[in-house]
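run-v6.txt (compact mmCIF, C-alpha atoms) appears below.
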# COMPACT_ATOMS: atom_id res chain seq x y z
CA MET Z 2 93.83 101.76 82.34
CA MET Z 3 92.96 98.67 84.35
CA ASP Z 4 92.12 95.12 83.36
CA ILE Z 5 90.06 92.25 84.69
CA LEU Z 6 91.98 88.99 84.31
CA HIS Z 7 90.86 85.38 84.77
CA ARG Z 8 92.12 81.87 84.03
CA VAL Z 9 90.02 78.75 83.79
CA GLY Z 10 90.96 75.27 82.63
CA ILE Z 11 88.37 73.06 81.01
CA LYS Z 12 88.77 69.31 80.64
CA SER Z 13 88.04 69.24 76.94
CA SER Z 14 89.41 69.91 73.51
CA LEU Z 15 90.09 73.45 72.36
CA ASN Z 16 87.49 72.87 69.67
CA ASP Z 17 84.64 72.41 72.12
CA VAL Z 18 85.61 75.54 74.06
CA TYR Z 19 85.97 77.53 70.87
CA ARG Z 20 82.49 76.48 69.77
CA ALA Z 21 81.06 77.78 73.05
CA LEU Z 22 82.77 81.14 72.45
CA ALA Z 23 82.25 81.49 68.73
CA THR Z 24 78.61 80.53 68.16
CA LEU Z 25 75.38 82.15 69.34
CA ASP Z 26 74.11 78.82 70.67
CA GLY Z 27 77.31 78.34 72.62
CA LEU Z 28 77.29 81.83 74.09
CA ALA Z 29 73.61 81.56 75.01
CA ALA Z 30 74.33 78.41 77.00
CA TRP Z 31 76.80 80.00 79.44
CA TRP Z 32 76.50 83.82 79.40
CA THR Z 33 72.96 84.87 78.63
CA THR Z 34 70.13 82.98 77.00
CA ASP Z 35 69.18 86.23 75.24
CA THR Z 36 72.04 86.31 72.72
CA GLN Z 37 71.45 87.47 69.15
CA GLY Z 38 73.32 88.96 66.21
CA GLU Z 39 76.23 87.83 64.08
CA SER Z 40 79.19 85.98 65.54
CA THR Z 41 81.37 86.56 62.51
CA SER Z 42 84.49 88.64 62.10
CA GLY Z 43 83.23 92.24 61.94
CA GLY Z 44 79.74 91.23 63.10
CA VAL Z 45 77.95 92.51 66.19
CA ILE Z 46 76.49 90.31 68.91
CA GLN Z 47 73.73 91.55 71.23
CA PHE Z 48 73.84 90.15 74.75
CA ARG Z 49 70.80 91.03 76.88
CA PHE Z 50 70.22 90.60 80.61
CA PRO Z 51 67.30 91.55 82.86
CA GLU Z 52 69.37 94.57 83.99
CA GLY Z 53 70.54 95.72 80.54
CA GLY Z 54 72.96 94.48 77.96
CA PHE Z 55 76.01 94.80 75.79
CA ASP Z 56 76.67 94.91 72.06
CA MET Z 57 80.01 93.42 71.11
CA LYS Z 58 81.76 93.91 67.80
CA VAL Z 59 83.74 90.81 66.88
CA LEU Z 60 87.31 91.88 66.11
CA GLU Z 61 88.96 88.45 66.08
CA LEU Z 62 87.43 85.01 65.73
CA ARG Z 63 90.11 82.35 65.59
CA PRO Z 64 90.45 79.00 67.41
CA GLU Z 65 93.22 80.44 69.58
CA ARG Z 66 91.65 83.86 70.19
CA VAL Z 67 88.26 85.54 70.37
CA LEU Z 68 88.28 89.32 70.76
CA TRP Z 69 85.31 91.64 71.10
CA GLU Z 70 84.97 95.39 71.45
CA VAL Z 71 82.09 96.80 73.45
CA VAL Z 72 80.16 99.15 71.18
CA GLU Z 73 76.97 99.55 73.28
CA GLY Z 74 76.30 99.08 76.96
CA PRO Z 75 77.03 100.72 80.29
CA GLU Z 76 79.17 103.81 79.87
CA GLU Z 77 82.09 102.24 81.73
CA TRP Z 78 82.16 99.37 79.22
CA ILE Z 79 82.08 101.34 75.96
CA GLY Z 80 85.38 101.02 74.15
CA THR Z 81 86.71 98.30 76.43
CA THR Z 82 87.68 94.94 74.93
CA VAL Z 83 86.97 91.40 76.03
CA SER Z 84 89.30 88.62 74.91
CA PHE Z 85 89.62 84.89 75.33
CA ASP Z 86 93.02 83.36 74.53
CA LEU Z 87 92.95 79.59 74.22
CA LYS Z 88 95.67 76.98 74.53
CA GLN Z 89 95.85 73.27 75.32
CA GLU Z 90 97.80 72.05 78.37
CA GLY Z 91 97.55 68.27 78.75
CA ASP Z 92 93.90 67.36 79.29
CA TYR Z 93 92.90 70.98 79.74
CA ALA Z 94 91.84 73.72 77.38
CA ILE Z 95 93.09 76.85 79.13
CA ILE Z 96 91.33 80.19 78.74
CA LEU Z 97 93.17 83.37 79.56
CA PHE Z 98 90.44 85.97 79.82
CA LYS Z 99 90.96 89.72 79.75
CA HIS Z 100 88.46 92.57 80.00
CA GLN Z 101 90.76 95.40 79.13
CA GLY Z 102 90.67 99.18 79.08
CA TRP Z 103 88.68 100.22 82.13
CA ARG Z 104 89.38 103.90 82.65
CA GLU Z 105 88.82 103.88 86.41
CA PRO Z 106 88.60 101.13 89.05
CA VAL Z 107 84.97 102.02 89.81
CA GLU Z 108 82.91 99.83 92.11
CA PHE Z 109 81.14 98.41 89.05
CA MET Z 110 84.52 97.05 87.90
CA TYR Z 111 84.89 95.12 91.18
CA HIS Z 112 81.42 93.67 90.58
CA CYS Z 113 82.11 92.76 86.95
CA SER Z 114 85.36 91.05 87.88
CA THR Z 115 83.60 88.66 90.25
CA LYS Z 116 80.70 88.22 87.85
CA TRP Z 117 83.02 87.29 84.97
CA ALA Z 118 84.55 84.57 87.16
CA THR Z 119 81.13 83.02 87.70
CA PHE Z 120 80.32 83.15 83.97
CA LEU Z 121 83.66 81.57 83.05
CA LEU Z 122 82.90 78.78 85.52
CA SER Z 123 79.50 78.50 83.85
CA LEU Z 124 81.36 78.05 80.55
CA LYS Z 125 83.57 75.40 82.15
CA SER Z 126 80.52 73.58 83.46
CA LEU Z 127 78.78 73.81 80.09
CA VAL Z 128 81.66 72.22 78.21
CA GLU Z 129 82.46 69.59 80.86
CA THR Z 130 78.93 68.58 81.83
CA GLY Z 131 76.62 69.95 79.13
CA LYS Z 132 74.99 72.42 81.53
CA GLY Z 133 75.97 76.04 82.15
CA ALA Z 134 74.36 78.74 84.29
CA PRO Z 135 73.61 81.59 81.87
CA SER Z 136 71.48 84.61 82.76
CA PRO Z 137 68.71 84.73 83.95
CA ASN Z 138 69.78 81.67 85.98
CA ASP Z 139 73.24 82.95 86.76
CA VAL Z 140 75.02 82.92 90.09
CA ARG Z 141 74.08 85.90 92.28
CA ILE Z 142 77.10 87.54 93.84
CA ASP Z 143 75.79 90.73 95.46
CA ASN Z 144 72.90 93.23 95.64
CA TRP Z 145 73.49 94.28 92.01
CA ASN Z 146 72.89 90.67 90.91
CA MET F 10 101.32 97.70 89.35
CA MET F 11 98.12 95.77 88.81
CA ASP F 12 95.30 94.81 91.14
CA ILE F 13 92.77 92.04 91.47
CA LEU F 14 89.36 93.49 92.38
CA HIS F 15 86.16 91.77 93.49
CA ARG F 16 82.81 92.70 94.98
CA VAL F 17 80.47 90.38 96.83
CA GLY F 18 77.33 91.15 98.80
CA ILE F 19 76.33 88.96 101.70
CA LYS F 20 72.84 88.93 103.18
CA SER F 21 73.96 89.47 106.74
CA SER F 22 75.20 92.00 109.25
CA LEU F 23 78.65 93.52 108.88
CA ASN F 24 79.49 91.91 112.22
CA ASP F 25 79.08 88.38 110.94
CA VAL F 26 81.22 89.08 107.88
CA TYR F 27 83.86 90.78 109.98
CA ARG F 28 84.01 87.76 112.29
CA ALA F 29 84.68 85.51 109.27
CA LEU F 30 87.55 87.79 108.22
CA ALA F 31 89.03 88.60 111.60
CA THR F 32 89.17 85.27 113.43
CA LEU F 33 91.14 82.10 112.72
CA ASP F 34 87.98 79.99 112.99
CA GLY F 35 86.22 82.24 110.51
CA LEU F 36 89.08 82.24 108.00
CA ALA F 37 89.47 78.45 108.28
CA ALA F 38 85.82 78.01 107.35
CA TRP F 39 86.03 79.72 103.95
CA TRP F 40 89.67 80.02 102.78
CA THR F 41 91.71 77.11 104.09
CA THR F 42 91.09 74.76 106.97
CA ASP F 43 94.82 74.93 107.74
CA THR F 44 94.89 78.45 109.20
CA GLN F 45 97.10 79.28 112.18
CA GLY F 46 98.85 82.20 113.83
CA GLU F 47 97.65 85.47 115.32
CA SER F 48 94.81 87.47 113.80
CA THR F 49 95.67 90.60 115.75
CA SER F 50 96.95 93.94 114.56
CA GLY F 51 100.65 93.34 113.84
CA GLY F 52 100.24 89.56 114.09
CA VAL F 53 101.02 87.04 111.36
CA ILE F 54 98.57 84.45 110.06
CA GLN F 55 99.78 81.28 108.31
CA PHE F 56 97.48 79.99 105.58
CA ARG F 57 98.45 76.60 104.19
CA PHE F 58 97.17 74.71 101.11
CA PRO F 59 98.14 71.38 99.57
CA GLU F 60 100.14 73.36 96.99
CA GLY F 61 101.88 75.77 99.38
CA GLY F 62 100.84 78.71 101.45
CA PHE F 63 101.01 82.34 102.46
CA ASP F 64 101.96 84.21 105.62
CA MET F 65 100.02 87.43 106.05
CA LYS F 66 100.97 90.23 108.40
CA VAL F 67 97.85 91.94 109.73
CA LEU F 68 98.19 95.67 109.08
CA GLU F 69 94.60 96.73 109.81
CA LEU F 70 91.87 94.93 111.69
CA ARG F 71 88.77 97.10 111.99
CA PRO F 72 85.08 96.31 111.39
CA GLU F 73 85.17 98.36 108.18
CA ARG F 74 88.56 97.20 106.91
CA VAL F 75 90.89 94.23 107.11
CA LEU F 76 94.31 94.65 105.49
CA TRP F 77 97.10 92.11 105.22
CA GLU F 78 100.56 92.22 103.72
CA VAL F 79 102.00 89.05 102.24
CA VAL F 80 105.30 88.36 104.02
CA GLU F 81 105.87 84.75 102.87
CA GLY F 82 104.59 82.82 99.89
CA PRO F 83 105.03 82.62 96.13
CA GLU F 84 107.50 85.18 94.90
CA GLU F 85 104.80 87.07 92.95
CA TRP F 86 102.82 87.56 96.16
CA ILE F 87 105.57 88.86 98.45
CA GLY F 88 104.96 92.51 99.30
CA THR F 89 101.48 92.58 97.79
CA THR F 90 98.54 93.50 100.01
CA VAL F 91 95.10 91.97 100.40
CA SER F 92 92.26 94.11 101.71
CA PHE F 93 88.59 93.73 102.49
CA ASP F 94 86.58 96.95 102.80
CA LEU F 95 83.16 96.44 104.37
CA LYS F 96 79.98 98.48 104.24
CA GLN F 97 76.28 97.87 104.71
CA GLU F 98 73.83 98.47 101.84
CA GLY F 99 70.28 97.59 102.85
CA ASP F 100 70.16 93.88 103.67
CA TYR F 101 73.65 93.29 102.30
CA ALA F 102 77.11 93.51 103.80
CA ILE F 103 79.23 94.53 100.83
CA ILE F 104 82.88 93.50 100.53
CA LEU F 105 85.17 95.40 98.21
CA PHE F 106 88.19 93.15 97.85
CA LYS F 107 91.56 94.18 96.53
CA HIS F 108 94.75 92.17 96.02
CA GLN F 109 97.07 95.01 95.22
CA GLY F 110 100.62 95.50 94.01
CA TRP F 111 101.22 92.74 91.46
CA ARG F 112 104.33 93.77 89.57
CA GLU F 113 103.44 91.97 86.33
CA PRO F 114 100.21 90.49 84.92
CA VAL F 115 101.70 86.98 84.94
CA GLU F 116 99.51 83.97 84.18
CA PHE F 117 99.47 83.15 87.89
CA MET F 118 97.70 86.48 88.47
CA TYR F 119 94.92 85.45 86.07
CA HIS F 120 94.56 82.22 88.04
CA CYS F 121 94.57 83.94 91.44
CA SER F 122 91.92 86.41 90.27
CA THR F 123 89.46 83.63 89.43
CA LYS F 124 90.41 81.68 92.53
CA TRP F 125 89.79 84.69 94.81
CA ALA F 126 86.28 84.97 93.32
CA THR F 127 85.52 81.39 94.31
CA PHE F 128 86.87 81.91 97.83
CA LEU F 129 84.83 85.10 98.28
CA LEU F 130 81.74 83.16 97.20
CA SER F 131 82.77 80.51 99.74
CA LEU F 132 82.81 83.28 102.35
CA LYS F 133 79.36 84.44 101.19
CA SER F 134 78.05 80.89 101.46
CA LEU F 135 79.61 80.44 104.90
CA VAL F 136 77.95 83.52 106.34
CA GLU F 137 74.59 83.01 104.62
CA THR F 138 74.24 79.24 105.06
CA GLY F 139 76.82 78.21 107.65
CA LYS F 140 78.85 76.24 105.10
CA GLY F 141 81.82 77.45 103.07
CA ALA F 142 84.13 75.63 100.67
CA PRO F 143 87.62 76.14 102.10
CA SER F 144 90.69 74.31 100.85
CA PRO F 145 91.14 71.35 100.51
CA ASN F 146 87.48 71.21 99.41
CA ASP F 147 87.64 74.37 97.34
CA VAL F 148 86.24 74.90 93.85
CA ARG F 149 88.63 73.69 91.14
CA ILE F 150 89.02 76.22 88.36
CA ASP F 151 91.86 74.91 86.18
CA ASN F 152 94.84 72.52 85.98
CA TRP F 153 96.65 74.45 88.73
CA ASN F 154 93.76 73.74 91.10
What's the structure tokens form of this structure?
Amino acid sequence: MMDILHRVGIKSSLNDVYRALATLDGLAAWWTTDTQGESTSGGVIQFRFPEGGFDMKVLELRPERVLWEVVEGPEEWIGTTVSFDLKQEGDYAIILFKHQGWREPVEFMYHCSTKWATFLLSLKSLVETGKGAPSPNDVRIDNWN
Amino acid sequence: MMDILHRVGIKSSLNDVYRALATLDGLAAWWTTDTQGESTSGGVIQFRFPEGGFDMKVLELRPERVLWEVVEGPEEWIGTTVSFDLKQEGDYAIILFKHQGWREPVEFMYHCSTKWATFLLSLKSLVETGKGAPSPNDVRIDNWN
């Protein structure tokens, strides 16, 4: 089992970061504009991209932790979990991000690792400046997008 | 043992990407301007940042693979390896990046994972546009830089 890990620090309150992770409007403003479903504990959120999409079941939804399980999407993603642990350090809201449970370090995992970094920086930009870079206007990193 | 993985695709020839990975001038233009030493097989390269630095021993230096071992730097980095595997796919030179051999998934590893993504995108920008974002003008991701 292998994990993708990231850390970003956002000059803001935890509250503002949590709102961007816990609401459909927030998620649509940094990950993908095509975000629908129920961001409630036990609910399912549908994230769609030009290339496909993911359905996430919300397992935890608390100001210090958001945890999803992938219930639909690319085969490599099914059953993996995505979590955001939040804490305040001085002026910064710190996110410790983990995409956990990859069965193999396939090339798609390398791609997703880099892509997650760009989306987390989109989240940082959204909270700090009001403007993120969600799909379909996301940062291109390679020939897969 | 845990690894940091990334994938970037650069619209260029493998040669141009290799030059940015294999020469001091290339490395200084996307990772840190303060790059010295010997980028030769068996040589040691010194990378310095405002916050510290790393010495890398060059274990492999071939157009399809650059491999370094960290011989000086933060304790968590010592003995880890950093590799860049290169291949062409259509118009893109693809880099599969691996920072391998972390003993524990410490918070610093989360940070380094995100930070590597920004440096690899700096490398992409350097080769595609002529301009990277090496330290000290690198992308800030959190309160550690």
Local residues around (75.2, 75.9, 81.6), at most 7 Å away, using all atoms listed in the file, as a list in words: Ala30, Trp31, Ser123, Leu124, Ser126, Leu127, Gly131, Lys132, Gly133, Ala134 and Pro135 of chain Z
Separation of CA of Asp25 (chain F) from CA of Ala118 (chain Z), in Å and rounded to one decimal: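 So the two atoms, CA of Asp25 (chain F) and CA of Ala118 (chain Z), lie 24.7 Å apart.
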Can you pull out the residues contacting Gln45 (chain F)? Cut-off 7 Å, using only C-alpha atoms, and skip same-chain residues under 4 positions away; I want them as a PDB file with C-alpha atoms, in the coordinates of the input.
ATOM      1  CA  LEU F  33      91.140  82.100 112.720  1.00  0.00           C
ATOM      2  CA  ILE F  54      98.570  84.450 110.060  1.00  0.00           C
ATOM      3  CA  GLN F  55      99.780  81.280 108.310  1.00  0.00           C
ATOM      4  CA  PHE F  56      97.480  79.990 105.580  1.00  0.00           C
TER       5      PHE F  56
END
Chain F residues near chain Z (8 Å cut-off, only C-alpha atoms) as a list of chain:residue names: F:Met11, F:Ile13, F:Leu14, F:His15, F:Arg16, F:Val17, F:Gly18, F:Ile19, F:Tyr101, F:Ile103, F:Leu105, F:Phe106, F:Glu116, F:Met118, F:Tyr119, F:His120, F:Cys121, F:Ser122, F:Thr123, F:Ala126, F:Thr127, F:Leu130, F:Ile150, F:Asp151, F:Asn152
Gap from CA of Val128 (chain Z) to CA of Lys88 (chain Z) - Å, one decimal: 15.2 Å
